Amino acid sequence: MENIIEVTSLQKAFGASRALKDVTFNVKRGEIFGFLGPSGSGKTTTIKILTAQLKPTAGSAYAFGVSTEQLKSEKYRQKVGIVTDNTALYGRLNVYDNLKLYCDLYGVPYQRIGEVLRMVNLAGEERKAVSKLSKGMLQRITLARAFLHEPELLFLDEPTSALDPVNTKHIHDGLLHLKEKGTTIFLTTHDMNEAEALCDRVAFLNNGEIRLLDSPKKLRQQRGEPTLTVELADGSMVIVPKGPEGADQMFRYMSTGQLVSVQSNHPTLGDIFVEVTGRKLA
Ligand SMILES: Nc1ncnc2c1ncn2[C@@H]1O[C@H](COP(=O)(O)OP(=O)(O)OP(=O)(O)O)[C@@H](O)[C@H]1O
């Protein structure tokens, strides 16, 4: 599959502090790529370099085959969407007029405004002044704005950090819908369930270096214990080996009607995060 982003040996120093030490990865066209890591690990710095808001100290970052510094130009503006906590909405304008400005900027028909507001669960809020919106609503409007022009490549820096579970679900459905239509999504998040639910591949960043990169499923399988946890009719839980040595035991539970449920003992992405970073999840 074609790479839409190619990052090689990327480094970024702020004075004596090295935010990115040596970061190399590719993002494939059409995937949702999760960039995971604890606070201060370098996620936002990477997004800022990829979206031409910061210059790297060394190494290279390409998107669409050109240096990411060129993404600011008119030619690439249509192709890229960016959502960070820097919302840049006009507080005195209402929701509809804010989105209308973007429609004008990107040549998008106004009827799309209703569609994107439904995607973020804000249908009916068109006339509300942006200055009167809650933090979660602002986050959703910012996402709606980024969805307007259906960019080829969408950068999302913690897109659901201020949202409740219902609105998070709406945003997840919206992102999966965009992916279906061909958008590539680069996502940073602290939420391991979000990464698990959305991402085709994830990279774990720690202290400015990528420690692991693969699909959530493969990462979990590689670290899985070769055992099953079996729940029995009497309420007890039994650990059974997955290999042939556990087969007789499983046969016995099944043939005597004792088996209630079976679960494979893979770690969650959260467990892997703790293992890789040595830090606890919030
Ligand atoms: N403009 C700056 N000047 C100096 N240091 C900076 C600057 N921006 C980031 N840093 C430092 O670079 C490191 C990486 O920060 P970055 O914001 O990329 O982390 P992050 O993984 O996005 O964290 P969070 O999850 O808290 O948003 C941190 O040590 C941070 O203090």
# chains A, B, ... in the order shown; residues from 1 in each chain; ligands from 1

call {"tool": "select_by_dssp", "arguments": {"residues": "stretch 112-191 of chain A", "states": "helix (DSSP H, G or I)", "output": "PyMOL selection string"}}
result
chain A and resi 112-119+130-132+135-147+165-180

call {"tool": "closest_atom_pairs", "arguments": {"of": "chain A", "to": "ligand 1", "cutoff": "10 Å", "atoms": "only C-alpha atoms and all ligand atoms", "output": "CSV"}}
result
residue,atom,partner,partner_atom_place_in_ligand_line,distance
A:Lys12,CA,ligand 1,12 (O),8.3
A:Ala13,CA,ligand 1,12 (O),7.8
A:Phe14,CA,ligand 1,4 (C),4.8
A:Gly15,CA,ligand 1,4 (C),7.3
A:Ala16,CA,ligand 1,4 (C),9.3
A:Ser17,CA,ligand 1,5 (N),6.9
A:Arg18,CA,ligand 1,12 (O),7.0
A:Ala19,CA,ligand 1,12 (O),4.2
A:Leu20,CA,ligand 1,14 (C),7.3
A:Phe35,CA,ligand 1,21 (O),9.1
A:Leu36,CA,ligand 1,21 (O),8.0
A:Gly37,CA,ligand 1,21 (O),6.0
A:Pro38,CA,ligand 1,25 (O),5.6
A:Ser39,CA,ligand 1,26 (O),3.5
A:Gly40,CA,ligand 1,19 (O),3.4
A:Ser41,CA,ligand 1,21 (O),3.9
A:Gly42,CA,ligand 1,18 (O),3.2
A:Lys43,CA,ligand 1,21 (O),3.8
A:Thr44,CA,ligand 1,22 (O),3.6
A:Thr45,CA,ligand 1,18 (O),3.7
A:Thr46,CA,ligand 1,18 (O),6.4
A:Ile47,CA,ligand 1,18 (O),8.0
A:Lys48,CA,ligand 1,18 (O),8.3
A:Ile49,CA,ligand 1,18 (O),9.9
A:Leu54,CA,ligand 1,1 (N),9.0
A:Asp85,CA,ligand 1,27 (O),9.8
A:Asp157,CA,ligand 1,27 (O),8.1
A:Glu158,CA,ligand 1,27 (O),8.1
A:Thr188,CA,ligand 1,22 (O),8.0
A:Thr189,CA,ligand 1,25 (O),7.7
A:His190,CA,ligand 1,25 (O),7.0
A:Leu205,CA,ligand 1,21 (O),7.9
A:Asn206,CA,ligand 1,21 (O),8.3
A:Asn207,CA,ligand 1,14 (C),7.9
A:Gly208,CA,ligand 1,14 (C),7.3

call {"tool": "closest_residue", "arguments": {"among": "A:Lys28, A:Arg145, A:Arg252, A:Arg92", "to": "A:Cys199", "atoms": "only C-alpha atoms"}}
result
A:Lys28

call {"tool": "closest_atom_pairs", "arguments": {"of": "stretch 141-198 of chain A", "to": "stretch 100-120 of chain A", "cutoff": "12 Å", "atoms": "only C-alpha atoms", "output": "JSON lines"}}
result
{"residue": "A:Ile141", "atom": "CA", "partner": "A:Val120", "partner_atom": "CA", "distance": 7.5}
{"residue": "A:Thr142", "atom": "CA", "partner": "A:Val120", "partner_atom": "CA", "distance": 9.7}
{"residue": "A:Leu143", "atom": "CA", "partner": "A:Val120", "partner_atom": "CA", "distance": 7.5}
{"residue": "A:Ala144", "atom": "CA", "partner": "A:Val116", "partner_atom": "CA", "distance": 5.2}
{"residue": "A:Arg145", "atom": "CA", "partner": "A:Tyr102", "partner_atom": "CA", "distance": 7.1}
{"residue": "A:Ala146", "atom": "CA", "partner": "A:Tyr102", "partner_atom": "CA", "distance": 9.1}
{"residue": "A:Phe147", "atom": "CA", "partner": "A:Val116", "partner_atom": "CA", "distance": 6.5}
{"residue": "A:Leu148", "atom": "CA", "partner": "A:Val116", "partner_atom": "CA", "distance": 6.4}
{"residue": "A:His149", "atom": "CA", "partner": "A:Val108", "partner_atom": "CA", "distance": 6.3}
{"residue": "A:Glu150", "atom": "CA", "partner": "A:Val108", "partner_atom": "CA", "distance": 9.6}
{"residue": "A:Pro151", "atom": "CA", "partner": "A:Tyr106", "partner_atom": "CA", "distance": 10.3}
{"residue": "A:Pro159", "atom": "CA", "partner": "A:Val120", "partner_atom": "CA", "distance": 11.4}
{"residue": "A:Thr160", "atom": "CA", "partner": "A:Val120", "partner_atom": "CA", "distance": 10.9}
{"residue": "A:Leu163", "atom": "CA", "partner": "A:Val120", "partner_atom": "CA", "distance": 10.7}
{"residue": "A:Val166", "atom": "CA", "partner": "A:Val120", "partner_atom": "CA", "distance": 10.3}
{"residue": "A:Asn167", "atom": "CA", "partner": "A:Val120", "partner_atom": "CA", "distance": 7.1}
{"residue": "A:Thr168", "atom": "CA", "partner": "A:Val120", "partner_atom": "CA", "distance": 8.8}
{"residue": "A:Lys169", "atom": "CA", "partner": "A:Val120", "partner_atom": "CA", "distance": 9.3}
{"residue": "A:His170", "atom": "CA", "partner": "A:Val120", "partner_atom": "CA", "distance": 5.9}
{"residue": "A:Ile171", "atom": "CA", "partner": "A:Val120", "partner_atom": "CA", "distance": 5.7}
{"residue": "A:His172", "atom": "CA", "partner": "A:Val120", "partner_atom": "CA", "distance": 9.3}
{"residue": "A:Asp173", "atom": "CA", "partner": "A:Met119", "partner_atom": "CA", "distance": 7.8}
{"residue": "A:Gly174", "atom": "CA", "partner": "A:Met119", "partner_atom": "CA", "distance": 5.5}
{"residue": "A:Leu175", "atom": "CA", "partner": "A:Met119", "partner_atom": "CA", "distance": 9.0}
{"residue": "A:Leu176", "atom": "CA", "partner": "A:Met119", "partner_atom": "CA", "distance": 10.8}
{"residue": "A:His177", "atom": "CA", "partner": "A:Met119", "partner_atom": "CA", "distance": 9.2}
{"residue": "A:Leu178", "atom": "CA", "partner": "A:Met119", "partner_atom": "CA", "distance": 10.2}

call {"tool": "write_last_selection", "arguments": {"atoms": "N, CA and C atoms", "output": "mmCIF file, in the first residue's frame"}}
result
data_model
loop_
_atom_site.group_PDB
_atom_site.id
_atom_site.type_symbol
_atom_site.label_atom_id
_atom_site.label_comp_id
_atom_site.auth_asym_id
_atom_site.auth_seq_id
_atom_site.Cartn_x
_atom_site.Cartn_y
_atom_site.Cartn_z
ATOM 1 N N ILE A 141 -17.192 20.977 17.369
ATOM 2 C CA ILE A 141 -17.291 21.918 16.239
ATOM 3 C C ILE A 141 -15.974 21.936 15.461
ATOM 4 N N THR A 142 -14.874 21.885 16.195
ATOM 5 C CA THR A 142 -13.567 21.883 15.528
ATOM 6 C C THR A 142 -13.434 20.638 14.650
ATOM 7 N N LEU A 143 -13.942 19.512 15.162
ATOM 8 C CA LEU A 143 -13.914 18.291 14.355
ATOM 9 C C LEU A 143 -14.837 18.437 13.141
ATOM 10 N N ALA A 144 -16.032 18.994 13.382
ATOM 11 C CA ALA A 144 -16.986 19.175 12.275
ATOM 12 C C ALA A 144 -16.341 20.010 11.170
ATOM 13 N N ARG A 145 -15.634 21.048 11.593
ATOM 14 C CA ARG A 145 -14.983 21.934 10.611
ATOM 15 C C ARG A 145 -13.937 21.169 9.802
ATOM 16 N N ALA A 146 -13.198 20.290 10.479
ATOM 17 C CA ALA A 146 -12.172 19.523 9.762
ATOM 18 C C ALA A 146 -12.797 18.483 8.836
ATOM 19 N N PHE A 147 -14.021 18.041 9.164
ATOM 20 C CA PHE A 147 -14.681 17.037 8.320
ATOM 21 C C PHE A 147 -15.277 17.668 7.062
ATOM 22 N N LEU A 148 -15.516 19.007 7.106
ATOM 23 C CA LEU A 148 -16.279 19.687 6.049
ATOM 24 C C LEU A 148 -15.787 19.347 4.645
ATOM 25 N N HIS A 149 -14.485 19.465 4.427
ATOM 26 C CA HIS A 149 -13.971 19.321 3.058
ATOM 27 C C HIS A 149 -13.448 17.916 2.775
ATOM 28 N N GLU A 150 -13.781 16.956 3.658
ATOM 29 C CA GLU A 150 -13.358 15.559 3.484
ATOM 30 C C GLU A 150 -11.905 15.475 3.039
ATOM 31 N N PRO A 151 -10.976 15.893 3.917
ATOM 32 C CA PRO A 151 -9.569 15.925 3.500
ATOM 33 C C PRO A 151 -9.026 14.527 3.224
ATOM 34 N N PRO A 159 -8.536 14.028 19.838
ATOM 35 C CA PRO A 159 -9.806 14.599 19.380
ATOM 36 C C PRO A 159 -10.981 14.414 20.326
ATOM 37 N N THR A 160 -10.897 13.468 21.266
ATOM 38 C CA THR A 160 -12.064 13.218 22.122
ATOM 39 C C THR A 160 -11.750 13.468 23.597
ATOM 40 N N LEU A 163 -14.649 14.823 25.685
ATOM 41 C CA LEU A 163 -15.998 14.318 25.365
ATOM 42 C C LEU A 163 -16.469 13.204 26.288
ATOM 43 N N VAL A 166 -20.909 9.091 25.026
ATOM 44 C CA VAL A 166 -21.871 9.110 23.915
ATOM 45 C C VAL A 166 -21.306 9.919 22.749
ATOM 46 N N ASN A 167 -20.779 11.111 23.063
ATOM 47 C CA ASN A 167 -20.228 11.945 21.995
ATOM 48 C C ASN A 167 -18.935 11.355 21.428
ATOM 49 N N THR A 168 -18.173 10.690 22.277
ATOM 50 C CA THR A 168 -16.972 10.001 21.786
ATOM 51 C C THR A 168 -17.380 8.966 20.743
ATOM 52 N N LYS A 169 -18.462 8.249 21.030
ATOM 53 C CA LYS A 169 -18.936 7.211 20.096
ATOM 54 C C LYS A 169 -19.342 7.851 18.755
ATOM 55 N N HIS A 170 -20.027 9.008 18.825
ATOM 56 C CA HIS A 170 -20.406 9.714 17.595
ATOM 57 C C HIS A 170 -19.178 10.060 16.768
ATOM 58 N N ILE A 171 -18.147 10.576 17.461
ATOM 59 C CA ILE A 171 -16.929 10.979 16.749
ATOM 60 C C ILE A 171 -16.256 9.737 16.154
ATOM 61 N N HIS A 172 -16.208 8.663 16.917
ATOM 62 C CA HIS A 172 -15.587 7.437 16.386
ATOM 63 C C HIS A 172 -16.319 6.970 15.125
ATOM 64 N N ASP A 173 -17.663 6.976 15.172
ATOM 65 C CA ASP A 173 -18.423 6.560 13.983
ATOM 66 C C ASP A 173 -18.104 7.488 12.817
ATOM 67 N N GLY A 174 -18.012 8.796 13.110
ATOM 68 C CA GLY A 174 -17.697 9.777 12.063
ATOM 69 C C GLY A 174 -16.327 9.518 11.452
ATOM 70 N N LEU A 175 -15.364 9.186 12.296
ATOM 71 C CA LEU A 175 -14.001 8.939 11.795
ATOM 72 C C LEU A 175 -13.962 7.669 10.953
ATOM 73 N N LEU A 176 -14.689 6.648 11.388
ATOM 74 C CA LEU A 176 -14.707 5.403 10.612
ATOM 75 C C LEU A 176 -15.405 5.635 9.264
ATOM 76 N N HIS A 177 -16.420 6.518 9.272
ATOM 77 C CA HIS A 177 -17.110 6.871 8.032
ATOM 78 C C HIS A 177 -16.147 7.590 7.068
ATOM 79 N N LEU A 178 -15.361 8.526 7.615
ATOM 80 C CA LEU A 178 -14.377 9.234 6.775
ATOM 81 C C LEU A 178 -13.338 8.263 6.218
#

call {"tool": "select_by_dssp", "arguments": {"residues": "stretch 120-262 of chain A", "states": "strand (DSSP E or B)", "output": "PyMOL selection string"}}
result
chain A and resi 129+153-157+184-189+201-206+209-214+227-232+237-241+259-262
